[in-house]
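Contents: one structure, followed by commentary.
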Amino acid sequence: MRKSHPIRRVVLAGAATVSGIVLLLSLKPASDPGSAQAAGIGAPPAASAQGGAQAAATGTFTGDAAQTQYGAVQVRLTVGNGKITKAETVQAPKGGQSDQITANAVPKLNQAAVAAGSADIDAVSGATYTSAGYKESLQSALDKAQASAGSSQGSGAAQAATVTGDAVQTQYGAVQVRITVNGGKITEAETVQAPKGGQSDQITANAVPKLNQAAVAAGSADIDAVSGATYTSAGYKESLQSALDKARASAGSSQGSGSQGSGSQDAGAAQARTVTGGVSQTQYGPVQVRITVSGGKITKAEAVQTPKGGRSDQITANAVPQLNQAAVAAGSADIDAVSGATYTSAGYKESLQSALDQAGG
């Protein structure tokens, strides 16, 4: 008998292996959903998994003013069908070298926000603090847009919305609260900013969890201060109230959108809602305005924060009542400055416009 050549044996073995693989593959079903989905083929559309298209935010949303080492940064977004169509900077650091840095960085940040459609954007080289403040305020504006969209989805189903309150300056640092609201109740509360450094770290670590729990339990800003954390507690409650105001404004603006019949629509349109504007930093201190809107008109205006101390007390006492009256009379931020209170008036108008943006006016 003739010996088979080694190479021939290798070829035959290889052929047998290939034949076996072919046979195995022929037994596998032609349609394997698992493998097809893993390869990205035939994956079901996201909309079908969600049971239909989701409502998208549309409108103008002003983020909270973010305090940086060189000044406040505040962003206003125009959103159409859930997409950022325009980003502009309402406040940015000013004076000295800040003017040049701002002039260079802000246009780039605005463009990046529109391009990314989120707050996940790169910092501009040489403008680290401004970029960080911009991203923080941008995220706040996006939160408000999301809350607005969430509150208008489905007239019958309860929708969760996330709302970020205004940053409140305390003696030891800023405090800012973000809440999740579902079915008119606070389901989650978290602290976005809190005092840091030295003894503040220990106080914050002790107080913040308790304040968060109290906010959820109470469902309002009527919560007790944590012992030993008076300033942090006061700032927390103020920011929490601001977040609740925004949540109510968002919910109020969507009432009547799915109602049938003119009577129920009129009732929805007549709902009064309270909105707190962003904090406007002036040369003499912060100014912040809260308005009550009913039937598309400002029915009440009040100053939540105003410059204090020394001569500012007298100027504020004279100017603020006049500004409040002017806001109600005009129904807009197009009001005249009070003589002798130029900075306070400018800050008032800026915060008032922020509140009107949130109210949809």
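The way I read the labels, and the way they are meant: chains A, B, ... in the order of the structure tokens, residue 1 as the first residue of every chain, and ligand 1 as the first ligand shown, with later ones counted on from there.
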
Determine which residues of stretch 74-202 of chain A receive a DSSP assignment of helix (DSSP H, G or I), computed from the backbone, and state them as a ChimeraX atom specification.
-> /A:97-116,128-152,199-202

Just C-alpha atoms for this one: save the residues we selected as a CSV table (one decimal), in the first residue's frame.
```csv
chain,number,residue,atom,x,y,z
A,97,GLN,CA,-8.6,91.2,31.2
A,98,SER,CA,-12.0,89.6,31.6
A,99,ASP,CA,-13.4,91.7,28.7
A,100,GLN,CA,-10.9,90.2,26.3
A,101,ILE,CA,-11.4,86.6,27.6
A,102,THR,CA,-15.2,86.9,27.5
A,103,ALA,CA,-15.1,88.4,24.0
A,104,ASN,CA,-13.1,85.4,22.8
A,105,ALA,CA,-14.7,82.6,24.8
A,106,VAL,CA,-18.5,83.4,24.8
A,107,PRO,CA,-19.1,83.1,21.0
A,108,LYS,CA,-17.2,79.7,21.0
A,109,LEU,CA,-19.2,78.4,23.9
A,110,ASN,CA,-22.5,79.5,22.3
A,111,GLN,CA,-21.6,77.8,19.1
A,112,ALA,CA,-20.6,74.6,21.0
A,113,ALA,CA,-23.8,74.5,22.9
A,114,VAL,CA,-25.9,74.6,19.7
A,115,ALA,CA,-23.7,72.0,18.0
A,116,ALA,CA,-23.6,69.6,20.9
A,128,THR,CA,-11.5,77.8,32.4
A,129,TYR,CA,-13.7,79.6,35.0
A,130,THR,CA,-16.0,81.2,32.4
A,131,SER,CA,-16.3,77.9,30.6
A,132,ALA,CA,-17.2,76.0,33.8
A,133,GLY,CA,-19.8,78.7,34.8
A,134,TYR,CA,-21.2,78.6,31.3
A,135,LYS,CA,-21.7,74.8,31.3
A,136,GLU,CA,-23.3,75.0,34.8
A,137,SER,CA,-25.8,77.7,33.7
A,138,LEU,CA,-26.4,75.8,30.4
A,139,GLN,CA,-27.3,72.6,32.2
A,140,SER,CA,-29.7,74.6,34.4
A,141,ALA,CA,-31.4,76.0,31.2
A,142,LEU,CA,-31.6,72.5,29.8
A,143,ASP,CA,-33.1,71.2,33.0
A,144,LYS,CA,-35.8,73.9,32.7
A,145,ALA,CA,-36.5,72.9,29.1
A,146,GLN,CA,-36.7,69.3,30.1
A,147,ALA,CA,-39.1,70.1,32.9
A,148,SER,CA,-41.3,72.1,30.5
A,149,ALA,CA,-41.4,69.2,28.1
A,150,GLY,CA,-42.0,66.7,30.8
A,151,SER,CA,-44.9,68.6,32.3
A,152,SER,CA,-46.7,68.8,29.0
A,199,GLN,CA,-15.2,73.4,58.8
A,200,SER,CA,-17.8,73.8,56.0
A,201,ASP,CA,-17.0,70.4,54.6
A,202,GLN,CA,-18.1,68.7,57.9
```

Quick one: everything within 10 Å of A:Gly80, counting only C-alpha atoms, minus sequence neighbours fewer than 3 positions away in the same chain. Send it as a ChimeraX atom specification.
-> /A:56-60,77,83-86

Go ahead and write the residues just picked, C-alpha atoms, as a PDB file, in the first residue's frame.
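And here is the file that came out, out_1.pdb:
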```
ATOM      1  CA  ALA A  56     -40.238  67.979  22.942  1.00  0.00           C
ATOM      2  CA  ALA A  57     -39.519  71.300  24.596  1.00  0.00           C
ATOM      3  CA  THR A  58     -40.041  74.519  22.665  1.00  0.00           C
ATOM      4  CA  GLY A  59     -39.427  78.027  23.972  1.00  0.00           C
ATOM      5  CA  THR A  60     -36.827  80.250  25.618  1.00  0.00           C
ATOM      6  CA  LEU A  77     -31.369  79.059  25.247  1.00  0.00           C
ATOM      7  CA  LYS A  83     -33.136  71.015  19.981  1.00  0.00           C
ATOM      8  CA  ILE A  84     -31.053  74.044  20.911  1.00  0.00           C
ATOM      9  CA  THR A  85     -31.421  76.515  18.048  1.00  0.00           C
ATOM     10  CA  LYS A  86     -29.744  79.466  19.735  1.00  0.00           C
TER      11      LYS A  86
END
```

Compile the contact shell of stretch 342-352 of chain A as a tab-separated table (two decimals) with all heavy atoms, in the first residue's frame: residues with an atom at most 7 Å away, counting only C-alpha atoms, same-chain residues fewer than 3 positions apart removed.
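Result file is out-v9.tsv:
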```
chain	number	residue	atom	x	y	z
A	277	GLY	N	-37.13	84.76	38.90
A	277	GLY	CA	-36.11	85.02	37.89
A	277	GLY	C	-34.73	84.65	38.39
A	277	GLY	O	-34.51	84.41	39.58
A	278	GLY	N	-33.77	84.63	37.48
A	278	GLY	CA	-32.39	84.36	37.85
A	278	GLY	C	-31.81	85.51	38.66
A	278	GLY	O	-32.31	86.64	38.63
A	279	VAL	N	-30.75	85.22	39.40
A	279	VAL	CA	-30.08	86.25	40.20
A	279	VAL	C	-29.21	87.10	39.28
A	279	VAL	O	-28.40	86.57	38.52
A	279	VAL	CB	-29.21	85.62	41.30
A	279	VAL	CG1	-28.50	86.71	42.10
A	279	VAL	CG2	-30.05	84.75	42.22
A	280	SER	N	-29.41	88.40	39.33
A	280	SER	CA	-28.60	89.32	38.53
A	280	SER	C	-27.59	90.02	39.44
A	280	SER	O	-27.97	90.68	40.41
A	280	SER	CB	-29.51	90.35	37.85
A	280	SER	OG	-28.73	91.28	37.14
A	281	GLN	N	-26.32	89.84	39.15
A	281	GLN	CA	-25.27	90.45	39.97
A	281	GLN	C	-25.03	91.89	39.51
A	281	GLN	O	-24.82	92.15	38.33
A	281	GLN	CB	-23.97	89.65	39.86
A	281	GLN	CG	-24.08	88.23	40.35
A	281	GLN	CD	-24.46	88.14	41.82
A	281	GLN	OE1	-24.04	88.96	42.63
A	281	GLN	NE2	-25.25	87.14	42.16
A	282	THR	N	-25.06	92.82	40.47
A	282	THR	CA	-24.77	94.22	40.16
A	282	THR	C	-23.55	94.67	40.96
A	282	THR	O	-23.04	93.92	41.80
A	282	THR	CB	-25.96	95.13	40.52
A	282	THR	OG1	-26.01	95.30	41.95
A	282	THR	CG2	-27.28	94.53	40.05
A	283	GLN	N	-23.13	95.89	40.72
A	283	GLN	CA	-21.95	96.41	41.40
A	283	GLN	C	-22.16	96.50	42.91
A	283	GLN	O	-21.21	96.43	43.69
A	283	GLN	CB	-21.62	97.79	40.83
A	283	GLN	CG	-20.30	98.37	41.34
A	283	GLN	CD	-19.93	99.65	40.60
A	283	GLN	OE1	-20.28	99.82	39.44
A	283	GLN	NE2	-19.22	100.54	41.27
A	287	VAL	N	-29.60	91.14	42.62
A	287	VAL	CA	-31.02	91.50	42.50
A	287	VAL	C	-31.75	90.31	41.91
A	287	VAL	O	-31.30	89.72	40.93
A	287	VAL	CB	-31.22	92.73	41.59
A	287	VAL	CG1	-32.71	93.08	41.50
A	287	VAL	CG2	-30.43	93.93	42.11
A	288	GLN	N	-32.87	89.95	42.53
A	288	GLN	CA	-33.66	88.83	42.04
A	288	GLN	C	-35.14	89.15	42.20
A	288	GLN	O	-35.57	89.67	43.23
A	288	GLN	CB	-33.32	87.55	42.81
A	288	GLN	CG	-33.96	86.30	42.23
A	288	GLN	CD	-33.49	85.05	42.95
A	288	GLN	OE1	-33.16	85.09	44.13
A	288	GLN	NE2	-33.48	83.93	42.25
A	289	VAL	N	-35.90	88.82	41.15
A	289	VAL	CA	-37.31	89.19	41.11
A	289	VAL	C	-38.19	87.95	41.03
A	289	VAL	O	-37.86	86.99	40.33
A	289	VAL	CB	-37.58	90.10	39.88
A	289	VAL	CG1	-39.05	90.51	39.82
A	289	VAL	CG2	-36.69	91.33	39.92
A	333	ALA	N	-40.52	93.50	30.82
A	333	ALA	CA	-39.30	94.04	31.42
A	333	ALA	C	-38.91	95.36	30.79
A	333	ALA	O	-37.85	95.92	31.09
A	333	ALA	CB	-38.16	93.03	31.29
A	337	ALA	N	-35.71	102.88	34.28
A	337	ALA	CA	-34.88	102.81	35.49
A	337	ALA	C	-35.34	103.89	36.47
A	337	ALA	O	-35.81	104.95	36.06
A	337	ALA	CB	-33.42	103.01	35.14
A	338	VAL	N	-35.21	103.60	37.74
A	338	VAL	CA	-35.54	104.59	38.78
A	338	VAL	C	-34.35	105.51	38.94
A	338	VAL	O	-33.20	105.06	39.06
A	338	VAL	CB	-35.88	103.89	40.11
A	338	VAL	CG1	-36.06	104.91	41.22
A	338	VAL	CG2	-37.13	103.03	39.96
A	339	SER	N	-34.61	106.80	38.96
A	339	SER	CA	-33.53	107.79	39.10
A	339	SER	C	-32.76	107.56	40.40
A	339	SER	O	-33.37	107.38	41.47
A	339	SER	CB	-34.15	109.19	39.11
A	339	SER	OG	-33.16	110.17	39.31
A	355	ALA	N	-37.49	85.83	34.60
A	355	ALA	CA	-38.74	85.26	35.11
A	355	ALA	C	-39.79	85.17	34.00
A	355	ALA	O	-40.51	84.18	33.89
A	355	ALA	CB	-39.26	86.10	36.27
A	356	LEU	N	-39.86	86.20	33.16
A	356	LEU	CA	-40.82	86.19	32.06
A	356	LEU	C	-40.49	85.10	31.04
A	356	LEU	O	-41.39	84.47	30.48
A	356	LEU	CB	-40.82	87.56	31.37
A	356	LEU	CG	-41.51	88.69	32.17
A	356	LEU	CD1	-41.17	90.04	31.57
A	356	LEU	CD2	-43.02	88.48	32.21
```

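Coordinates place atom CA of A:Ser233 at a distance of 26.2 Å from atom CA of A:Tyr70.
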
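Computed from the coordinates, the atom CA of A:Thr232 to atom CA of A:Asp166 distance equals 14.1 Å.
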
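You will find atom CA of A:Asp357 at 25.5 Å from atom CA of A:Glu188.
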
Pull the strand (DSSP E or B) assignments for stretch 127-335 of chain A out of DSSP run on the backbone, and list those residues as a ChimeraX atom specification.
-> /A:160-164,168-170,173-182,185-193,273-276,280-282,285-294,297-305

From the list A:Ser118, A:Gln305, A:Gln353, A:Ser250, the nearest residue to A:Thr62 using only C-alpha atoms is A:Gln353
